[in-house]
Amino acid sequence: SKYTDPSFWEEYYGGAAPEERYDWLLSHGGAISAVELPAAWRRADGERAAPPATFGALLRELMGGPGTELLMVGCGHSDLSEDLYQDGYTRFTNIDISGHVVETMRSQLHEKLPGMRWLQMNASRMEFEDASFDAVLDKATVDALAGDKALASATLLEAHRVLRPGGVFVMTSLFAPEKNLVMETRDVVGWQDCLTLTITADAYVYACARA
């Protein structure tokens with residue numbers, strides 16, 4: 001698959017206008033189907049009047065409040081990182097295989113979003129220490145790697161490794177549970193628990209907790 005080739009992404013982002021932004025599958029303010037999370041998965045502080053109605057609100061419940069130290073893998077040129085920063089997630093690191101898109105996003109946003117990090121890095125071979133983050137967020141990067149099962153599985157193992165105990169991995173996907181690698185490999189990776197949410201007609205959210 002071309003999507004597993006780093007040169008594809010370098011060419012893709014190199015051909016994009018510097019101001020271009022694109023959110024894979026879901027945007028921060030995008031409407032989602034009403035989902036009632038089990039109490040154990042509601043990590044955000046405070047009371048809420050109703051179940052989350054947008055993707056951003058769902059992420060807050062799954063990942064916890066703004067004190068969360070967050071890693072976004074395969075960040076691309078999505079607006080989601082900036083939107084989450086504005087929500088208060090200022091302890092935030094973004095990685096992408098494309099050096100071009102990382103430099104573009106860093107140069108455009110480093111003054112506006114002080115403290116946010118943008119790093120070129122392979123999600124299947126991350127350079128972070130074990131237990132570095134409270135939450136890892138993936139918007140369809142594992143989907144893009146699905147053509148190389150070993151590579152996609154390595155990315156899931158790395159997400160687990162860099163999470164702190166009790167941390168959560170949140171992934172958006174086009175693939176239903178019976179075809180999704182995160183569910184297929186959950187025991188091999190070693191997740192304590194996984195939750196599947198159908199949030200639009202053609203998109204799913206998977207959340208997996210590290211013991």
# chains A, B, ... in the order shown; residues from 1 in each chain; ligands from 1
>>> closest_atom_pairs(of="region 16-128 of chain A", to="region 148-163 of chain A", cutoff="9 Å", atoms="only C-alpha atoms", output="CSV")
residue,atom,partner,partner_atom,distance
A:Val73,CA,A:Ala159,CA,8.8
A:Asn122,CA,A:Thr155,CA,8.7
A:Ala123,CA,A:Thr155,CA,5.5
A:Ser124,CA,A:Thr155,CA,4.0
A:Arg125,CA,A:Glu158,CA,6.9
A:Met126,CA,A:Glu158,CA,6.7
A:Phe128,CA,A:Val162,CA,6.7
>>> write_last_selection(atoms="N, CA, C and O atoms", output="PDB file, in the first residue's frame")
ATOM      1  N   VAL A  73      -0.377  10.858  17.253  1.00  0.00           N
ATOM      2  CA  VAL A  73       0.444  10.189  16.249  1.00  0.00           C
ATOM      3  C   VAL A  73      -0.159  10.421  14.868  1.00  0.00           C
ATOM      4  O   VAL A  73      -1.378  10.426  14.703  1.00  0.00           O
ATOM      5  N   ASN A 122       8.666   8.207  13.478  1.00  0.00           N
ATOM      6  CA  ASN A 122       7.958   7.032  12.998  1.00  0.00           C
ATOM      7  C   ASN A 122       7.118   6.472  14.141  1.00  0.00           C
ATOM      8  O   ASN A 122       7.654   6.088  15.184  1.00  0.00           O
ATOM      9  N   ALA A 123       5.806   6.404  13.958  1.00  0.00           N
ATOM     10  CA  ALA A 123       4.918   5.957  15.043  1.00  0.00           C
ATOM     11  C   ALA A 123       5.141   4.494  15.413  1.00  0.00           C
ATOM     12  O   ALA A 123       4.772   4.075  16.519  1.00  0.00           O
ATOM     13  N   SER A 124       5.742   3.725  14.522  1.00  0.00           N
ATOM     14  CA  SER A 124       6.010   2.317  14.820  1.00  0.00           C
ATOM     15  C   SER A 124       7.350   2.113  15.521  1.00  0.00           C
ATOM     16  O   SER A 124       7.643   1.004  15.979  1.00  0.00           O
ATOM     17  N   ARG A 125       8.147   3.186  15.620  1.00  0.00           N
ATOM     18  CA  ARG A 125       9.435   3.137  16.319  1.00  0.00           C
ATOM     19  C   ARG A 125       9.656   4.470  17.026  1.00  0.00           C
ATOM     20  O   ARG A 125      10.557   5.237  16.676  1.00  0.00           O
ATOM     21  N   MET A 126       8.853   4.745  18.011  1.00  0.00           N
ATOM     22  CA  MET A 126       8.931   6.044  18.685  1.00  0.00           C
ATOM     23  C   MET A 126      10.193   6.164  19.533  1.00  0.00           C
ATOM     24  O   MET A 126      10.721   5.169  20.024  1.00  0.00           O
ATOM     25  N   PHE A 128      10.415   8.047  22.317  1.00  0.00           N
ATOM     26  CA  PHE A 128      10.084   8.455  23.676  1.00  0.00           C
ATOM     27  C   PHE A 128      10.426   7.342  24.671  1.00  0.00           C
ATOM     28  O   PHE A 128      10.443   6.162  24.331  1.00  0.00           O
TER      29      PHE A 128
END
>>> select_by_dssp(residues="region 77-210 of chain A", states="strand (DSSP E or B)", output="VMD selection string")
chain A and resid 92 to 96 117 to 120 133 to 139 163 to 173 193 to 200 203 to 209
>>> closest_residue(among="A:Leu80, A:Ala57, A:Ala140, A:Ala50", to="Ser27 (chain A)", atoms="only C-alpha atoms")
A:Leu80
>>> select_by_dssp(residues="chain A", states="helix (DSSP H, G or I)", output="VMD selection string")
chain A and resid 2 to 4 6 to 14 39 to 41 55 to 63 80 to 86 99 to 109 141 to 144 149 to 162 177 to 179 181 to 184 186 to 189
>>> closest_residue(among="A:Asp5, A:Glu178, A:Glu20, A:Glu111", to="Ser98 (chain A)", atoms="only C-alpha atoms")
A:Asp5
>>> residues_around(residues="Asp96 (chain A)", least_positions_apart="2", cutoff="12 Å", atoms="only C-alpha atoms", output="compact mmCIF listing (two decimals) with all heavy atoms, in the first residue's frame")
# COMPACT_ATOMS: atom_id res chain seq x y z
N PRO A 6 6.75 6.17 3.58
CA PRO A 6 6.97 7.55 4.04
C PRO A 6 7.10 8.56 2.90
O PRO A 6 6.69 9.72 3.04
CB PRO A 6 8.27 7.45 4.84
CG PRO A 6 8.30 6.03 5.32
CD PRO A 6 7.70 5.22 4.21
N TRP A 9 3.83 10.26 1.86
CA TRP A 9 3.35 11.34 2.71
C TRP A 9 4.20 12.60 2.55
O TRP A 9 3.67 13.71 2.61
CB TRP A 9 3.31 10.89 4.16
CG TRP A 9 2.31 9.79 4.35
CD1 TRP A 9 2.55 8.47 4.57
CD2 TRP A 9 0.89 9.93 4.27
NE1 TRP A 9 1.37 7.77 4.64
CE2 TRP A 9 0.34 8.64 4.46
CE3 TRP A 9 0.03 10.99 4.05
CZ2 TRP A 9 -1.03 8.40 4.44
CZ3 TRP A 9 -1.34 10.76 4.03
CH2 TRP A 9 -1.86 9.49 4.22
N GLU A 10 5.48 12.43 2.31
CA GLU A 10 6.33 13.60 2.09
C GLU A 10 5.91 14.31 0.80
O GLU A 10 5.81 15.55 0.77
CB GLU A 10 7.80 13.17 2.03
CG GLU A 10 8.78 14.29 2.22
CD GLU A 10 8.78 14.89 3.61
OE1 GLU A 10 8.08 14.37 4.52
OE2 GLU A 10 9.48 15.89 3.82
N TYR A 13 2.20 15.95 1.42
CA TYR A 13 2.21 17.21 2.16
C TYR A 13 3.05 18.28 1.48
O TYR A 13 2.76 19.47 1.59
CB TYR A 13 2.69 16.98 3.59
CG TYR A 13 1.68 16.22 4.42
CD1 TYR A 13 1.99 14.97 4.96
CD2 TYR A 13 0.42 16.73 4.67
CE1 TYR A 13 1.07 14.26 5.72
CE2 TYR A 13 -0.52 16.03 5.42
CZ TYR A 13 -0.18 14.79 5.94
OH TYR A 13 -1.10 14.10 6.68
N LEU A 71 -0.23 12.77 23.41
CA LEU A 71 0.54 12.53 22.19
C LEU A 71 -0.43 12.26 21.05
O LEU A 71 -1.31 11.41 21.16
CB LEU A 71 1.46 11.32 22.36
CG LEU A 71 2.15 10.81 21.09
CD1 LEU A 71 3.15 11.83 20.57
CD2 LEU A 71 2.82 9.46 21.33
N MET A 72 -0.25 12.98 19.93
CA MET A 72 -1.00 12.71 18.70
C MET A 72 -0.05 12.07 17.70
O MET A 72 0.97 12.66 17.34
CB MET A 72 -1.56 14.01 18.12
CG MET A 72 -2.13 13.83 16.72
SD MET A 72 -3.90 13.59 16.70
CE MET A 72 -4.44 15.29 16.86
N VAL A 73 -0.38 10.86 17.25
CA VAL A 73 0.44 10.19 16.25
C VAL A 73 -0.16 10.42 14.87
O VAL A 73 -1.38 10.43 14.70
CB VAL A 73 0.59 8.68 16.55
CG1 VAL A 73 1.25 8.46 17.89
CG2 VAL A 73 -0.75 7.96 16.50
N GLY A 74 0.72 10.65 13.88
CA GLY A 74 0.23 10.92 12.53
C GLY A 74 -0.61 12.18 12.48
O GLY A 74 -1.70 12.20 11.91
N CYS A 75 -0.08 13.27 13.03
CA CYS A 75 -0.88 14.50 13.19
C CYS A 75 -1.27 15.13 11.86
O CYS A 75 -2.33 15.74 11.75
CB CYS A 75 -0.13 15.50 14.04
SG CYS A 75 1.47 16.03 13.35
N GLY A 76 -0.41 15.00 10.83
CA GLY A 76 -0.71 15.62 9.56
C GLY A 76 -0.95 17.11 9.68
O GLY A 76 -0.36 17.78 10.55
N HIS A 77 -1.82 17.66 8.83
CA HIS A 77 -2.14 19.09 8.93
C HIS A 77 -3.59 19.28 9.39
O HIS A 77 -4.30 20.15 8.91
CB HIS A 77 -1.85 19.84 7.62
CG HIS A 77 -2.47 19.26 6.40
ND1 HIS A 77 -2.06 19.60 5.14
CD2 HIS A 77 -3.48 18.37 6.21
CE1 HIS A 77 -2.79 18.96 4.24
NE2 HIS A 77 -3.66 18.22 4.87
N SER A 78 -3.97 18.46 10.33
CA SER A 78 -5.29 18.54 10.93
C SER A 78 -5.41 19.77 11.84
O SER A 78 -4.43 20.21 12.44
CB SER A 78 -5.55 17.27 11.75
OG SER A 78 -6.68 17.42 12.60
N THR A 93 2.15 16.84 22.45
CA THR A 93 3.20 16.51 21.47
C THR A 93 2.56 15.90 20.23
O THR A 93 1.69 15.02 20.35
CB THR A 93 4.21 15.51 22.07
OG1 THR A 93 4.83 16.10 23.21
CG2 THR A 93 5.29 15.15 21.04
N ASN A 94 2.97 16.37 19.06
CA ASN A 94 2.51 15.84 17.78
C ASN A 94 3.68 15.18 17.06
O ASN A 94 4.79 15.72 17.04
CB ASN A 94 2.00 16.96 16.87
CG ASN A 94 0.82 17.71 17.46
OD1 ASN A 94 -0.31 17.32 17.31
ND2 ASN A 94 1.11 18.83 18.12
N SER A 98 6.18 12.62 8.14
CA SER A 98 6.57 13.62 7.16
C SER A 98 7.26 14.81 7.83
O SER A 98 6.63 15.55 8.59
CB SER A 98 5.35 14.11 6.39
OG SER A 98 5.66 15.27 5.63
N GLY A 99 8.53 15.00 7.51
CA GLY A 99 9.23 16.17 8.03
C GLY A 99 8.66 17.45 7.48
O GLY A 99 8.67 18.49 8.15
N HIS A 100 8.13 17.39 6.25
CA HIS A 100 7.58 18.60 5.65
C HIS A 100 6.39 19.12 6.43
O HIS A 100 6.31 20.30 6.77
CB HIS A 100 7.17 18.32 4.20
CG HIS A 100 6.66 19.53 3.47
ND1 HIS A 100 7.48 20.36 2.73
CD2 HIS A 100 5.42 20.09 3.40
CE1 HIS A 100 6.77 21.35 2.23
NE2 HIS A 100 5.51 21.20 2.62
N VAL A 101 5.44 18.23 6.73
CA VAL A 101 4.24 18.71 7.43
C VAL A 101 4.56 19.12 8.86
O VAL A 101 3.99 20.07 9.40
CB VAL A 101 3.11 17.65 7.39
CG1 VAL A 101 3.31 16.53 8.39
CG2 VAL A 101 1.75 18.32 7.62
N VAL A 102 5.50 18.43 9.50
CA VAL A 102 5.90 18.80 10.86
C VAL A 102 6.49 20.21 10.88
O VAL A 102 6.13 21.04 11.73
CB VAL A 102 6.91 17.78 11.42
CG1 VAL A 102 7.63 18.33 12.65
CG2 VAL A 102 6.20 16.47 11.78
N GLU A 103 7.36 20.51 9.93
CA GLU A 103 7.97 21.83 9.88
C GLU A 103 6.94 22.90 9.53
O GLU A 103 6.96 24.00 10.09
CB GLU A 103 9.12 21.85 8.87
CG GLU A 103 9.86 23.18 8.80
CD GLU A 103 10.34 23.68 10.15
OE1 GLU A 103 10.79 22.85 10.97
OE2 GLU A 103 10.25 24.91 10.41
N THR A 104 6.01 22.58 8.63
CA THR A 104 4.97 23.53 8.26
C THR A 104 4.11 23.88 9.47
O THR A 104 3.85 25.07 9.76
CB THR A 104 4.07 22.96 7.15
OG1 THR A 104 4.86 22.76 5.97
CG2 THR A 104 2.93 23.92 6.82
N MET A 105 3.66 22.88 10.19
CA MET A 105 2.79 23.12 11.35
C MET A 105 3.55 23.84 12.46
O MET A 105 3.02 24.75 13.11
CB MET A 105 2.21 21.80 11.85
CG MET A 105 1.32 21.08 10.83
SD MET A 105 -0.14 22.04 10.34
CE MET A 105 -1.20 21.73 11.76
N ARG A 106 4.78 23.43 12.70
CA ARG A 106 5.57 24.09 13.74
C ARG A 106 5.79 25.56 13.42
O ARG A 106 5.60 26.43 14.29
CB ARG A 106 6.92 23.39 13.89
CG ARG A 106 7.80 23.99 15.00
CD ARG A 106 9.23 23.53 14.91
NE ARG A 106 9.36 22.10 15.13
CZ ARG A 106 9.96 21.26 14.30
NH1 ARG A 106 10.46 21.69 13.14
NH2 ARG A 106 10.06 19.98 14.60
N ARG A 117 4.61 20.69 20.98
CA ARG A 117 5.76 20.15 20.27
C ARG A 117 5.34 19.48 18.97
O ARG A 117 4.31 18.81 18.91
CB ARG A 117 6.50 19.12 21.14
CG ARG A 117 7.10 19.69 22.40
CD ARG A 117 8.11 18.72 23.01
NE ARG A 117 7.49 17.45 23.41
CZ ARG A 117 8.19 16.37 23.75
NH1 ARG A 117 9.52 16.38 23.71
NH2 ARG A 117 7.56 15.26 24.12
N TRP A 118 6.18 19.65 17.95
CA TRP A 118 5.97 19.02 16.64
C TRP A 118 7.27 18.30 16.28
O TRP A 118 8.31 18.93 16.12
CB TRP A 118 5.65 20.07 15.57
CG TRP A 118 4.51 20.96 15.92
CD1 TRP A 118 4.54 22.11 16.64
CD2 TRP A 118 3.13 20.75 15.57
NE1 TRP A 118 3.28 22.65 16.76
CE2 TRP A 118 2.39 21.84 16.11
CE3 TRP A 118 2.45 19.77 14.84
CZ2 TRP A 118 1.02 21.95 15.94
CZ3 TRP A 118 1.08 19.90 14.68
CH2 TRP A 118 0.37 20.97 15.22
N LEU A 119 7.22 16.97 16.14
CA LEU A 119 8.42 16.18 15.93
C LEU A 119 8.22 15.22 14.76
O LEU A 119 7.17 14.59 14.63
CB LEU A 119 8.75 15.35 17.18
CG LEU A 119 8.91 16.12 18.49
CD1 LEU A 119 9.02 15.13 19.66
CD2 LEU A 119 10.13 17.02 18.44
N GLN A 120 9.25 15.12 13.91
CA GLN A 120 9.23 14.08 12.89
C GLN A 120 9.61 12.77 13.55
O GLN A 120 10.67 12.65 14.17
CB GLN A 120 10.20 14.40 11.75
CG GLN A 120 10.15 13.34 10.65
CD GLN A 120 11.15 13.60 9.54
OE1 GLN A 120 12.04 14.44 9.67
NE2 GLN A 120 10.98 12.90 8.43
N MET A 121 8.74 11.77 13.42
CA MET A 121 9.00 10.51 14.10
C MET A 121 8.13 9.41 13.47
O MET A 121 7.02 9.66 13.03
CB MET A 121 8.69 10.63 15.59
CG MET A 121 9.28 9.53 16.45
SD MET A 121 8.95 9.79 18.25
CE MET A 121 9.86 11.31 18.54
N ASN A 122 8.67 8.21 13.48
CA ASN A 122 7.96 7.03 13.00
C ASN A 122 7.12 6.47 14.14
O ASN A 122 7.65 6.09 15.18
CB ASN A 122 8.97 5.99 12.51
CG ASN A 122 8.33 4.81 11.82
OD1 ASN A 122 7.22 4.40 12.15
ND2 ASN A 122 9.04 4.23 10.86
N ALA A 123 5.81 6.40 13.96
CA ALA A 123 4.92 5.96 15.04
C ALA A 123 5.14 4.49 15.41
O ALA A 123 4.77 4.08 16.52
CB ALA A 123 3.46 6.16 14.65
N SER A 124 5.74 3.72 14.52
CA SER A 124 6.01 2.32 14.82
C SER A 124 7.35 2.11 15.52
O SER A 124 7.64 1.00 15.98
CB SER A 124 5.96 1.48 13.54
OG SER A 124 7.05 1.79 12.68
N ARG A 125 8.15 3.19 15.62
CA ARG A 125 9.43 3.14 16.32
C ARG A 125 9.66 4.47 17.03
O ARG A 125 10.56 5.24 16.68
CB ARG A 125 10.59 2.85 15.35
CG ARG A 125 10.50 1.51 14.64
CD ARG A 125 11.81 1.16 13.94
NE ARG A 125 12.22 2.19 13.00
CZ ARG A 125 11.82 2.26 11.73
NH1 ARG A 125 10.96 1.37 11.27
NH2 ARG A 125 12.25 3.20 10.92
N MET A 126 8.85 4.74 18.01
CA MET A 126 8.93 6.04 18.68
C MET A 126 10.19 6.16 19.53
O MET A 126 10.72 5.17 20.02
CB MET A 126 7.68 6.25 19.54
CG MET A 126 6.41 6.43 18.74
SD MET A 126 5.04 6.99 19.78
CE MET A 126 3.78 5.78 19.39
N ASP A 138 -4.91 8.75 17.96
CA ASP A 138 -4.63 8.40 16.57
C ASP A 138 -5.88 8.62 15.74
O ASP A 138 -6.89 7.96 15.97
CB ASP A 138 -4.17 6.94 16.46
CG ASP A 138 -4.26 6.42 15.03
OD1 ASP A 138 -4.03 7.23 14.10
OD2 ASP A 138 -4.57 5.24 14.84
N LYS A 139 -5.81 9.53 14.78
CA LYS A 139 -6.93 9.73 13.86
C LYS A 139 -6.61 9.01 12.55
O LYS A 139 -6.13 9.61 11.60
CB LYS A 139 -7.17 11.21 13.62
CG LYS A 139 -8.03 11.85 14.70
CD LYS A 139 -8.43 13.25 14.33
CE LYS A 139 -9.33 13.26 13.13
NZ LYS A 139 -9.55 14.63 12.60
N THR A 141 -4.33 6.83 11.63
CA THR A 141 -2.98 6.44 11.21
C THR A 141 -2.88 4.92 11.09
O THR A 141 -2.33 4.40 10.12
CB THR A 141 -1.93 6.97 12.20
OG1 THR A 141 -1.97 8.39 12.19
CG2 THR A 141 -0.53 6.51 11.83
>>> closest_residue(among="A:Trp24, A:Asn180, A:Gly167, A:Ala135", to="Leu59 (chain A)", atoms="only C-alpha atoms")
A:Ala135
>>> closest_atom_pairs(of="region 72-172 of chain A", to="region 197-202 of chain A", cutoff="12 Å", atoms="only C-alpha atoms", output="CSV")
residue,atom,partner,partner_atom,distance
A:Val170,CA,A:Leu197,CA,10.8
A:Met171,CA,A:Leu197,CA,10.4
A:Thr172,CA,A:Leu197,CA,9.5
>>> atom_distance(atom1="CA of Ala207 (chain A)", atom2="CA of Ile97 (chain A)")
23.0 Å
>>> residues_around(residues="Arg186 (chain A)", least_positions_apart="2", cutoff="12 Å", atoms="only C-alpha atoms", output="ChimeraX atom specification")
/A:153,156-157,160,169,177,180-184,188-195,206-210
>>> closest_residue(among="A:His28, A:Leu37, A:Val142, A:Phe175", to="Gln86 (chain A)", atoms="only C-alpha atoms")
A:His28
>>> residues_around(residues="Pro52 (chain A)", least_positions_apart="4", cutoff="10 Å", atoms="only C-alpha atoms", output="PyMOL selection string")
chain A and resi 31-37+48+56-61
>>> write_last_selection(atoms="all heavy atoms", output="short mmCIF file (atom, residue, chain, number, x, y, z; two decimals), in the first residue's frame")
data_model
loop_
_atom_site.label_atom_id
_atom_site.label_comp_id
_atom_site.auth_asym_id
_atom_site.auth_seq_id
_atom_site.Cartn_x
_atom_site.Cartn_y
_atom_site.Cartn_z
N ALA A 31 -20.40 16.67 14.71
CA ALA A 31 -21.46 16.00 15.46
C ALA A 31 -21.27 14.49 15.42
O ALA A 31 -20.85 13.93 14.41
CB ALA A 31 -22.83 16.37 14.89
N ILE A 32 -21.56 13.84 16.53
CA ILE A 32 -21.47 12.38 16.61
C ILE A 32 -22.79 11.83 17.13
O ILE A 32 -23.60 12.54 17.72
CB ILE A 32 -20.31 11.94 17.54
CG1 ILE A 32 -20.55 12.43 18.98
CG2 ILE A 32 -18.97 12.44 17.01
CD1 ILE A 32 -19.55 11.88 19.99
N SER A 33 -22.98 10.55 16.90
CA SER A 33 -24.15 9.89 17.47
C SER A 33 -24.05 9.91 18.99
O SER A 33 -22.96 9.81 19.56
CB SER A 33 -24.21 8.44 16.99
OG SER A 33 -24.25 8.37 15.58
N ALA A 34 -25.16 10.05 19.64
CA ALA A 34 -25.16 10.09 21.10
C ALA A 34 -24.64 8.76 21.65
O ALA A 34 -25.12 7.69 21.26
CB ALA A 34 -26.57 10.36 21.63
N VAL A 35 -23.66 8.83 22.52
CA VAL A 35 -23.09 7.63 23.13
C VAL A 35 -23.06 7.83 24.64
O VAL A 35 -22.66 8.87 25.13
CB VAL A 35 -21.68 7.33 22.60
CG1 VAL A 35 -21.74 6.87 21.15
CG2 VAL A 35 -20.75 8.53 22.72
N GLU A 36 -23.51 6.84 25.35
CA GLU A 36 -23.48 6.88 26.81
C GLU A 36 -22.29 6.04 27.26
O GLU A 36 -22.31 4.82 27.17
CB GLU A 36 -24.78 6.34 27.39
CG GLU A 36 -24.88 6.51 28.90
CD GLU A 36 -24.82 7.96 29.32
OE1 GLU A 36 -25.67 8.75 28.86
OE2 GLU A 36 -23.91 8.30 30.10
N LEU A 37 -21.25 6.71 27.72
CA LEU A 37 -20.05 5.99 28.12
C LEU A 37 -20.26 5.29 29.46
O LEU A 37 -20.87 5.86 30.37
CB LEU A 37 -18.87 6.96 28.26
CG LEU A 37 -18.39 7.67 27.00
CD1 LEU A 37 -17.25 8.61 27.34
CD2 LEU A 37 -17.97 6.67 25.95
N ARG A 48 -21.75 16.62 33.91
CA ARG A 48 -22.17 16.97 32.55
C ARG A 48 -23.67 16.79 32.45
O ARG A 48 -24.27 15.94 33.10
CB ARG A 48 -21.45 16.12 31.53
CG ARG A 48 -21.70 14.61 31.61
CD ARG A 48 -20.99 13.94 30.45
NE ARG A 48 -20.98 12.49 30.51
CZ ARG A 48 -21.97 11.69 30.17
NH1 ARG A 48 -23.11 12.22 29.79
NH2 ARG A 48 -21.86 10.38 30.24
N GLY A 56 -14.97 16.46 19.91
CA GLY A 56 -14.13 17.08 20.92
C GLY A 56 -14.61 16.78 22.33
O GLY A 56 -13.80 16.51 23.23
N ALA A 57 -15.91 16.83 22.54
CA ALA A 57 -16.46 16.53 23.86
C ALA A 57 -16.24 15.07 24.23
O ALA A 57 -15.96 14.74 25.40
CB ALA A 57 -17.95 16.87 23.90
N LEU A 58 -16.34 14.19 23.26
CA LEU A 58 -16.09 12.77 23.51
C LEU A 58 -14.63 12.55 23.90
O LEU A 58 -14.33 11.80 24.84
CB LEU A 58 -16.43 11.95 22.27
CG LEU A 58 -16.12 10.45 22.34
CD1 LEU A 58 -16.94 9.77 23.43
CD2 LEU A 58 -16.35 9.79 20.99
N LEU A 59 -13.72 13.20 23.20
CA LEU A 59 -12.30 13.06 23.53
C LEU A 59 -12.01 13.51 24.95
O LEU A 59 -11.23 12.89 25.68
CB LEU A 59 -11.44 13.86 22.54
CG LEU A 59 -11.35 13.30 21.13
CD1 LEU A 59 -10.51 14.21 20.25
CD2 LEU A 59 -10.78 11.89 21.14
N ARG A 60 -12.64 14.60 25.37
CA ARG A 60 -12.42 15.09 26.73
C ARG A 60 -12.84 14.03 27.76
O ARG A 60 -12.15 13.81 28.75
CB ARG A 60 -13.19 16.39 26.95
CG ARG A 60 -12.96 17.00 28.34
CD ARG A 60 -13.79 18.25 28.53
NE ARG A 60 -13.58 18.80 29.87
CZ ARG A 60 -12.65 19.68 30.17
NH1 ARG A 60 -11.83 20.13 29.24
NH2 ARG A 60 -12.52 20.13 31.41
N GLU A 61 -13.97 13.39 27.51
CA GLU A 61 -14.41 12.36 28.46
C GLU A 61 -13.48 11.15 28.46
O GLU A 61 -13.18 10.59 29.51
CB GLU A 61 -15.84 11.93 28.14
CG GLU A 61 -16.87 13.01 28.41
CD GLU A 61 -18.19 12.44 28.91
OE1 GLU A 61 -18.37 11.22 28.92
OE2 GLU A 61 -19.04 13.25 29.33
#
>>> atom_distance(atom1="CA of Pro66 (chain A)", atom2="CA of Pro165 (chain A)")
18.1 Å
>>> atom_distance(atom1="CA of Asp130 (chain A)", atom2="CA of Leu62 (chain A)")
21.3 Å
>>> closest_residue(among="A:Glu82, A:Asp23, A:Glu11, A:Asp87", to="Lys112 (chain A)", atoms="only C-alpha atoms")
A:Glu82
>>> decode(residues="region 18-44 of chain A", atoms="C-alpha atoms", output="mmCIF file, in the first residue's frame")
data_model
loop_
_atom_site.group_PDB
_atom_site.id
_atom_site.type_symbol
_atom_site.label_atom_id
_atom_site.label_comp_id
_atom_site.auth_asym_id
_atom_site.auth_seq_id
_atom_site.Cartn_x
_atom_site.Cartn_y
_atom_site.Cartn_z
ATOM 1 C CA PRO A 18 0.948 25.798 3.509
ATOM 2 C CA GLU A 19 -2.403 26.970 4.864
ATOM 3 C CA GLU A 20 -4.260 23.786 3.874
ATOM 4 C CA ARG A 21 -5.888 21.847 6.710
ATOM 5 C CA TYR A 22 -7.680 18.520 6.616
ATOM 6 C CA ASP A 23 -9.291 16.464 9.367
ATOM 7 C CA TRP A 24 -9.438 12.739 8.643
ATOM 8 C CA LEU A 25 -12.862 11.259 9.452
ATOM 9 C CA LEU A 26 -13.856 13.665 12.235
ATOM 10 C CA SER A 27 -13.339 17.278 13.208
ATOM 11 C CA HIS A 28 -13.227 18.612 16.756
ATOM 12 C CA GLY A 29 -16.688 20.158 16.498
ATOM 13 C CA GLY A 30 -18.145 17.436 14.307
ATOM 14 C CA ALA A 31 -21.464 16.004 15.459
ATOM 15 C CA ILE A 32 -21.467 12.384 16.613
ATOM 16 C CA SER A 33 -24.147 9.885 17.472
ATOM 17 C CA ALA A 34 -25.164 10.088 21.105
ATOM 18 C CA VAL A 35 -23.092 7.630 23.127
ATOM 19 C CA GLU A 36 -23.477 6.881 26.809
ATOM 20 C CA LEU A 37 -20.049 5.995 28.125
ATOM 21 C CA PRO A 38 -19.701 3.475 30.943
ATOM 22 C CA ALA A 39 -18.827 5.269 34.169
ATOM 23 C CA ALA A 40 -15.313 3.799 34.194
ATOM 24 C CA TRP A 41 -14.524 5.566 30.924
ATOM 25 C CA ARG A 42 -15.631 9.033 31.992
ATOM 26 C CA ARG A 43 -12.301 10.604 32.839
ATOM 27 C CA ALA A 44 -13.169 14.301 32.607
#
